[in-house]
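*Asks:* Before I ask anything, let me first share the structure, which is written out below as C-alpha cells.
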Amino acid sequence: MTFSDWLRQDRLPHIWCAGCGNGTIVNCTLAAVDEMGWKKEETIFVSGIGCSSRAPGYISTDSLHTTHGRALAFATGVKMAKPEFNVVVFTGDGDLAAIGGNHFIHAARRNIDLTVVCMNNQIYGMTGGQGSPTTPCGALSTTTPYGSAEPTFDLCDLAIAAGANYVSRWTSYHVKELTKAVRAGLETPGFSFIEALVQCPTNYGRRNKFKQVEDHVEYLKAHSLLKERRDILLERGEPVPPDMFVVGELMRRSRPAMGVRR
Amino acid sequence: MTRVEFWQGNIACAEGALAAGCRFFGGYPITPSTEIAEHMAAKLPKVTGTFIQMEDEIASMASIIGASWTGERAMTATSGPGFSLMMENIGFAAMTETPCVIVNVQRGGPSTGQPTMAAQGDMLQCRFGSHGDYSAIALAPSSVQEMYTLTAKAFNLADKYRVPVFVMADEIIGHMRERIEVPDKVAIVPRRLAEPGTTPFQPGEGDIPAFPVFGAGHAVHVTGLTHDERGYPCATNPSLHSDLVMRLVRKIEQANREIADYEIVNPDAEKVFVAYGAPVRTVQQVLVDHPDEKIGFLRLRTVWPFPDFAVREFRNAEAFFFPELNLGQMARELERHVKVPVITLPKLGGDLHTPDELYRALEAAK
C-alpha cells in the first residue's frame with residue numbers, strides 16, 4: 001500500500017483552501033502509518049474541531065471527529081478501552097492549545113500511547129482568521145487587528161514538560177523529516193507529539209506579508225533552526241536568533257506509558 | 001437466587017453497572033457521587049475493565065463515548081457542576097447515537113450550591129441541557145434497590161436506542177443505606193451490531209441504526225456534524241438536517257410506551273400524587289398513614305420520555321399533586337398533558353417533604 005490507499009476517495013476533494021499546508025501533513029502522516037504495516041481495522045483516527053480536524057474524514061478507517069478541544073479525551077477512552085487499537089490524533093493550535101490545553105497536558109502526563117499530529121497554522125482558520133495561542137506576537141488577525149499583544153505557547157515545550165515520551169517539530173517544508181518523525185512517534189510507546197508548522201494562505205499569510213504561498217513556506221524553512229545547531233549555539237554561549245524556531249527531535253525517552261498494547 | 005446486602009445507594013449503582021457488563025468508567029470526583037467512582041476504581045480492574053479518572057467532567061464524558069465506540073458498555077457518574085460540564089459531549093453522544101450511561105446524584109444548585117444536600121434541580125437539564133433538539137432517556141431511582149436495577153436497565157436502554165441514558169438519582173438515595181436483594185445476574189440485552197457492508201447510519205428497526213463498532217472493518221466516520229447515512233458531514237442541506245434531528249427525537253418518543261416504567265396506585269382516585277426519586281418515599285408514607293382510595297399515586301421510574309399516557313389512566317382525577325426537590329420542573333411537563341390543576345409542591349434546601357406536609361397540601365385543596 002501507499003499513503004493514498006488510506007484515503008477515503010469518495011470524500012475527495014477536501015475542503016481545505018488552495019495552498020493550505022494541511023494536506024502535506026496528512027500525506028506525511030499516512031505515509032508513516034503505511035510504513036508501519038498496520039491493518040486499517042486496527043487503526044483509529046481521532047480529531048477535534050478546526051481545519052486540521054477534518055483530516056480523519058478523508059481517511060478510510062474508523063474515525064472520530066469530536067468536539068472542539070476534546071479529541072485527546074475521546075482518544076483516551078478509545079485507547080484505554082482497547083489498547084490493541086493504534087490511535088492517531090489530528091489537531092490544530094487552537095483545538096489543542098487553547099480550548100483543549102487541559103486535555104493536552106493531562107494526556108501527555110499520563111503518557112498514554114497515542115500519536116498526536118498538530119497542524120500549527122498559528123491562526124483559527126475555520127472561523128476566518130482569529131488569533132490563537134500560537135499567533136506570533138505582533139501578527140495580524142481579525143481579533144488582533146493591531147498586532148497580537150500576547151506571548152505564545154511553545155507546544156513542544158508543553159508536551160515535554162508534561163511528560164510526553166516523544167516530541168518533534170518540523171514544518172510543511174520538511175516532508176521527509178516530518179514523515180520520519182511521525183514514524184518515530186508511532187513506534188514509541190507512550191505519548192508522542194509531533195508539531196508541524198503549516199502555512200495558511202487564506203487567513204494568516206495574506207494578512208501577514210506572505211502574498212504567495214511559497215513566501216510562507218520559504219519563511220518556515222528559513223526560520224527553522226535545527227536542534228543540533230541550537231545546541232551548538234547554546235554550548236558556545238552565542239545568542240539564539242529570537243525569530244527562529246527549533247526543529248528536530250526534541251525529546252525521546254521511555255517513561256512508563258499507559259494504554260500500551262498488551 | 002438473590003443475596004441480601006446492606007448497601008449505600010451509590011455502591012448499589014456501581015454494582016448494578018458491573019452486573020450489567022459495564023467495563024469502562026471515566027469520571028471525576030464530585031460530591032455526592034464520588035463513591036460510585038471509588039467503587040468502580042476498586043472493582044473494574046478485577047473484571048478486566050478500565051477505570052480512569054479524567055482531568056474534568058468534559059473529558060470524562062468524552063472518554064466514555066470513545067470507549068463505547070470500541071463496543072464497551074461505558075458510564076460516568078457526577079453531580080450538578082460536573083453535569084453542566086458534560087452537556088457539550090452529551091450533545092455529541094445524542095448526535096452520533098452513542099450508547100452510554102450518565103449517573104447524576106443530584107445536589108442543591110445553582111452553581112456549587114449544596115454539595116452534601118439532595119435536590120432534583122437537573123431534571124430539565126438532563127432532557128434539554130445540550131444545545132439543539134434531541135431526545136434522551138432518564139430514569140429516577142427512589143431506593144437503594146432501584147439504584148441497582150435502574151442502573152443495570154439503563155445500559156440495556158442505551159444499547160437498544162443508541163442514546164445517552166441518565167440515571168437521575170439524588171443525594172438522599174445515593175448516600176442512604178438500606179436492604180437490597182442482589183440478583184445472581186441481571187438481564188442483558190446486547191447492542192445490535194451492524195453487519196459488514198451496511199451503511200453505518202442507515203436507520204433500522206425503530207428508526208435506530210445498528211451499531212458499527214470500531215475494529216470490525218466498517219471504516220465508520222463518526223462526526224458531531226450533521227451527517228448523511230454514510231456518516232459523512234453534510235451540514236448545509238436543510239432537509240437532511242431536519243430529517244436527521246427528527247429521527248433522533250422520534251426514535252425515543254415513539255418508543256415511549258416501551259420505555260415507560262411506572263406504578264399506579266388507586267387509579268380511580270380524585271387526588272393524585274405524582275413523584276419520582278426520593279419524594280416517592282414520602283408519598284408512600286402518606287398512603288400508609290391515610291389508606292384512602294381517593295388518594296392516587298403515579299410513581300415514575302422513567303421520567304424522560306415523560307409517560308403522558310400513564311397520567312391519563314387517572315380518569316377521575318380532579319387535581320395532581322407533584323412534590324419535587326425543585327421549583328416544579330417536571331410539574332411543568334405534567335401540566336402540558338392534563339386539563340385539571342397541577343399543584344406543585346416544591347421543596348428546596350435538601351430536606352425531604354414530611355408526610356404531614358404532603359397530606360396538608362391535599363387537605364388544603366379541598
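The chains in the C-alpha cells are called A, B, ... from first to last as shown; in each chain the residues are counted from 1, and the ligands are counted from 1 in the order shown.
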How close does chain A get to chain B? List, as a tab-separated table, each residue of chain A within 9 Å, its nearest atom pair and the distance in Å to one decimal, counting only C-alpha atoms.

*Replies:*
residue	atom	partner	partner_atom	distance
A:Arg11	CA	B:Tyr232	CA	8.0
A:Lys40	CA	B:Gly217	CA	7.6
A:Glu41	CA	B:Gly215	CA	4.8
A:Glu42	CA	B:Gly215	CA	5.6
A:Thr43	CA	B:Gly215	CA	7.8
A:Ile44	CA	B:Phe214	CA	8.0
A:Pro56	CA	B:His221	CA	7.7
A:Gly57	CA	B:His221	CA	6.3
A:Ile59	CA	B:Ala219	CA	8.6
A:Ser60	CA	B:Ala219	CA	5.7
A:Thr61	CA	B:Ala219	CA	4.2
A:Asp62	CA	B:Ala219	CA	4.1
A:Ser63	CA	B:His221	CA	4.9
A:Leu64	CA	B:Val222	CA	4.8
A:His65	CA	B:Thr223	CA	4.6
A:Thr66	CA	B:Thr223	CA	6.1
A:Thr67	CA	B:Asn89	CA	7.1
A:Arg70	CA	B:Ala59	CA	6.8
A:Ala71	CA	B:Ala62	CA	8.2
A:Leu72	CA	B:Ala59	CA	8.4
A:Ala73	CA	B:Ala59	CA	5.0
A:Phe74	CA	B:Ser63	CA	4.7
A:Ala75	CA	B:Gly66	CA	6.3
A:Thr76	CA	B:Ser63	CA	6.0
A:Gly77	CA	B:Ser63	CA	3.8
A:Val78	CA	B:Gly66	CA	4.6
A:Lys79	CA	B:Ala67	CA	7.8
A:Met80	CA	B:Thr50	CA	6.8
A:Ala81	CA	B:Ala67	CA	5.3
A:Lys82	CA	B:Thr70	CA	6.7
A:Phe85	CA	B:Gly215	CA	7.8
A:Asn102	CA	B:Glu55	CA	7.4
A:His103	CA	B:Glu55	CA	7.0
A:His106	CA	B:Glu55	CA	6.8

*Asks:* Go ahead and dump the residues you just picked, C-alpha atoms, as an mmCIF file, in the first residue's frame.

*Replies:*
data_model
loop_
_atom_site.group_PDB
_atom_site.id
_atom_site.type_symbol
_atom_site.label_atom_id
_atom_site.label_comp_id
_atom_site.auth_asym_id
_atom_site.auth_seq_id
_atom_site.Cartn_x
_atom_site.Cartn_y
_atom_site.Cartn_z
ATOM 1 C CA ARG A 11 -14.924 12.049 0.201
ATOM 2 C CA LYS A 40 -6.842 -0.449 8.688
ATOM 3 C CA GLU A 41 -9.379 -2.043 11.028
ATOM 4 C CA GLU A 42 -6.950 -1.712 13.943
ATOM 5 C CA THR A 43 -6.175 1.936 13.300
ATOM 6 C CA ILE A 44 -8.369 4.762 14.563
ATOM 7 C CA PRO A 56 -9.962 11.869 9.710
ATOM 8 C CA GLY A 57 -12.986 12.356 7.460
ATOM 9 C CA ILE A 59 -9.172 8.562 5.807
ATOM 10 C CA SER A 60 -10.713 5.148 5.187
ATOM 11 C CA THR A 61 -10.545 3.770 8.723
ATOM 12 C CA ASP A 62 -12.817 4.072 11.742
ATOM 13 C CA SER A 63 -12.590 7.674 12.898
ATOM 14 C CA LEU A 64 -13.989 10.069 15.477
ATOM 15 C CA HIS A 65 -14.449 13.746 14.599
ATOM 16 C CA THR A 66 -15.325 15.051 18.034
ATOM 17 C CA THR A 67 -15.958 18.330 19.862
ATOM 18 C CA ARG A 70 -11.667 17.242 23.275
ATOM 19 C CA ALA A 71 -10.010 14.886 20.785
ATOM 20 C CA LEU A 72 -7.439 13.665 23.313
ATOM 21 C CA ALA A 73 -10.115 12.889 25.905
ATOM 22 C CA PHE A 74 -12.090 10.836 23.359
ATOM 23 C CA ALA A 75 -8.876 9.164 22.180
ATOM 24 C CA THR A 76 -8.052 8.315 25.792
ATOM 25 C CA GLY A 77 -11.372 6.472 26.048
ATOM 26 C CA VAL A 78 -10.751 4.550 22.835
ATOM 27 C CA LYS A 79 -7.173 3.617 23.703
ATOM 28 C CA MET A 80 -7.793 2.696 27.336
ATOM 29 C CA ALA A 81 -10.788 0.549 26.391
ATOM 30 C CA LYS A 82 -8.941 -1.180 23.531
ATOM 31 C CA PHE A 85 -6.003 -0.248 18.530
ATOM 32 C CA ASN A 102 -6.011 20.867 29.778
ATOM 33 C CA HIS A 103 -6.609 17.623 27.904
ATOM 34 C CA HIS A 106 -3.005 15.515 31.020
#

*Asks:* Among stretch 3-225 of chain B, which residues carry a DSSP assignment of helix (DSSP H, G or I), reported as a ChimeraX atom specification?

*Replies:* /B:9-19,34-47,57-69,80-96,125-128,144-161,171-175,205-207

*Asks:* For the atom pair atom CA of A:Val33 and atom CA of A:Ser132, what is the interatomic distance in Å to one decimal place?

*Replies:*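 One can read the atom CA of A:Val33 to atom CA of A:Ser132 distance as 29.0 Å.
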
*Asks:* Quick one: residues within 10 Å of A:Asp243, only C-alpha atoms, excluding same-chain residues fewer than 6 positions away - as a ChimeraX atom specification?

*Replies:* /A:136,223-225

*Asks:* Take the selection from the previous step and output its residues with N, CA and C atoms, as an mmCIF file, in the first residue's frame.

*Replies:*
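Output contents, as saved in result_32.cif:
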data_model
loop_
_atom_site.group_PDB
_atom_site.id
_atom_site.type_symbol
_atom_site.label_atom_id
_atom_site.label_comp_id
_atom_site.auth_asym_id
_atom_site.auth_seq_id
_atom_site.Cartn_x
_atom_site.Cartn_y
_atom_site.Cartn_z
ATOM 1 N N PRO A 136 1.985 34.590 16.449
ATOM 2 C CA PRO A 136 3.182 35.301 16.927
ATOM 3 C C PRO A 136 2.845 36.709 17.420
ATOM 4 N N HIS A 223 13.435 30.061 8.758
ATOM 5 C CA HIS A 223 13.436 30.351 10.195
ATOM 6 C C HIS A 223 13.458 29.100 11.058
ATOM 7 N N SER A 224 13.648 27.952 10.416
ATOM 8 C CA SER A 224 13.808 26.707 11.165
ATOM 9 C C SER A 224 15.251 26.600 11.629
ATOM 10 N N LEU A 225 15.417 26.382 12.902
ATOM 11 C CA LEU A 225 16.762 26.224 13.460
ATOM 12 C C LEU A 225 16.882 24.791 13.964
#

*Asks:* Can you tell me how far atom CA of B:Phe297 sits from atom CA of B:Glu318, in Å to one decimal?

*Replies:*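 One can read the atom CA of B:Phe297 to atom CA of B:Glu318 distance as 13.0 Å.
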
*Asks:* Could you write out, as a ChimeraX atom specification, all the residues of stretch 66-211 of chain A that DSSP marks as strand (DSSP E or B)?

*Replies:* /A:86-92,112,115-120,124,130,141,144,166-171,192-197

*Asks:* Do you have the atom CA of A:Tyr124-atom CA of A:Ala98 distance handy?

*Replies:*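 Going from atom CA of A:Tyr124 over to atom CA of A:Ala98, I get 10.6 Å.
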